[in-house]
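Here is the structure we will look at.
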Amino acid sequence: MAALPPTPVEKDQPLIQVRQLKKHFPIRQGLIFEKQIGSVKAVDGITFDIRKGGNPGSGGRERLRKTTAGRTILGLYPITAGSVMIAGISLENADKEQLKRLRRKAQMISRTPMPHSIRAGR
């Protein structure tokens, strides 16, 4: 199969558009029938744009679920609700080849403000 041409992004168009993104993980009970008794709302309704040449970042405490949001945006976790568009391609409608190409060009970078030895008090 021939490679698809890259999707052009208009000058004013964001590279990534996230709208009311939710990622909930089910809480199950039971060994055989595994009834869902609740869910963990890891990401619950975030909205933002990332533009070309911008410096996107999500700061904050550990428990803000930044990694879960990033993995969901990259399509590594299925979306519970909301929408993600990367370079004009809807994540929900992308085929495997499109997702593969998008993942080659996008990544999450974890930054620690201080070296590990200082944070640990060593």
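Every chain in the structure tokens takes a letter, A first, then B, and so on in the order presented; its residues are numbered from 1, and the ligands are numbered from 1 following the presented order.
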List as a VMD selection string the protein and nucleic acid residues near A:Gln107, meaning an atom at most 9 Å away when only C-alpha atoms are counted, but skip any in the same chain fewer than 2 places from it.
chain A and resid 70 74 103 to 105 109
With N, CA and C atoms kept, could you save the residues just selected as a PDB file, in the first residue's frame?
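Saved result, selection_25.pdb, follows:
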```
ATOM      1  N   GLY A  70      -1.992  12.400  27.762  1.00  0.00           N
ATOM      2  CA  GLY A  70      -1.092  12.282  26.619  1.00  0.00           C
ATOM      3  C   GLY A  70      -1.251  10.975  25.877  1.00  0.00           C
ATOM      4  N   LEU A  74      -2.606  10.469  21.977  1.00  0.00           N
ATOM      5  CA  LEU A  74      -1.837   9.740  20.966  1.00  0.00           C
ATOM      6  C   LEU A  74      -2.533   8.466  20.491  1.00  0.00           C
ATOM      7  N   ARG A 103       1.902   8.957  15.195  1.00  0.00           N
ATOM      8  CA  ARG A 103       2.698   8.626  16.380  1.00  0.00           C
ATOM      9  C   ARG A 103       4.196   8.796  16.138  1.00  0.00           C
ATOM     10  N   ARG A 104       4.625   8.636  14.884  1.00  0.00           N
ATOM     11  CA  ARG A 104       6.037   8.859  14.570  1.00  0.00           C
ATOM     12  C   ARG A 104       6.425  10.323  14.743  1.00  0.00           C
ATOM     13  N   LYS A 105       5.457  11.221  14.556  1.00  0.00           N
ATOM     14  CA  LYS A 105       5.747  12.652  14.595  1.00  0.00           C
ATOM     15  C   LYS A 105       5.380  13.306  15.921  1.00  0.00           C
ATOM     16  N   ILE A 109       6.929  14.303  26.294  1.00  0.00           N
ATOM     17  CA  ILE A 109       8.227  14.461  26.926  1.00  0.00           C
ATOM     18  C   ILE A 109       7.991  14.780  28.388  1.00  0.00           C
TER      19      ILE A 109
END
```
List as a ChimeraX atom specification the protein and nucleic acid residues near stretch 79-88 of chain A, meaning an atom at most 12 Å away when only C-alpha atoms are counted, but skip any in the same chain fewer than 5 places from it.
/A:5-26,39-52,68-74,93-94,98-99,101-103,105-106
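Put simply, atom CA of A:Leu76 is 14.4 Å away from atom CA of A:Ser90.
You will find atom CA of A:Lys96 at 10.3 Å from atom CA of A:Gly75.
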I'd like to know which of A:Gly53, A:Arg65, A:Glu34, A:Tyr77 is closest to A:Glu92, using only C-alpha atoms.
A:Tyr77
For atom CA of A:Lys35 and atom CA of A:Thr67, determine how far apart the two atoms are, in Å to one decimal place.
27.3 Å
Would you mind writing down, as a ChimeraX atom specification, each residue of stretch 16-110 of chain A that DSSP on the backbone assigns to strand (DSSP E or B)?
/A:16-29,35-50,81-86,89-90
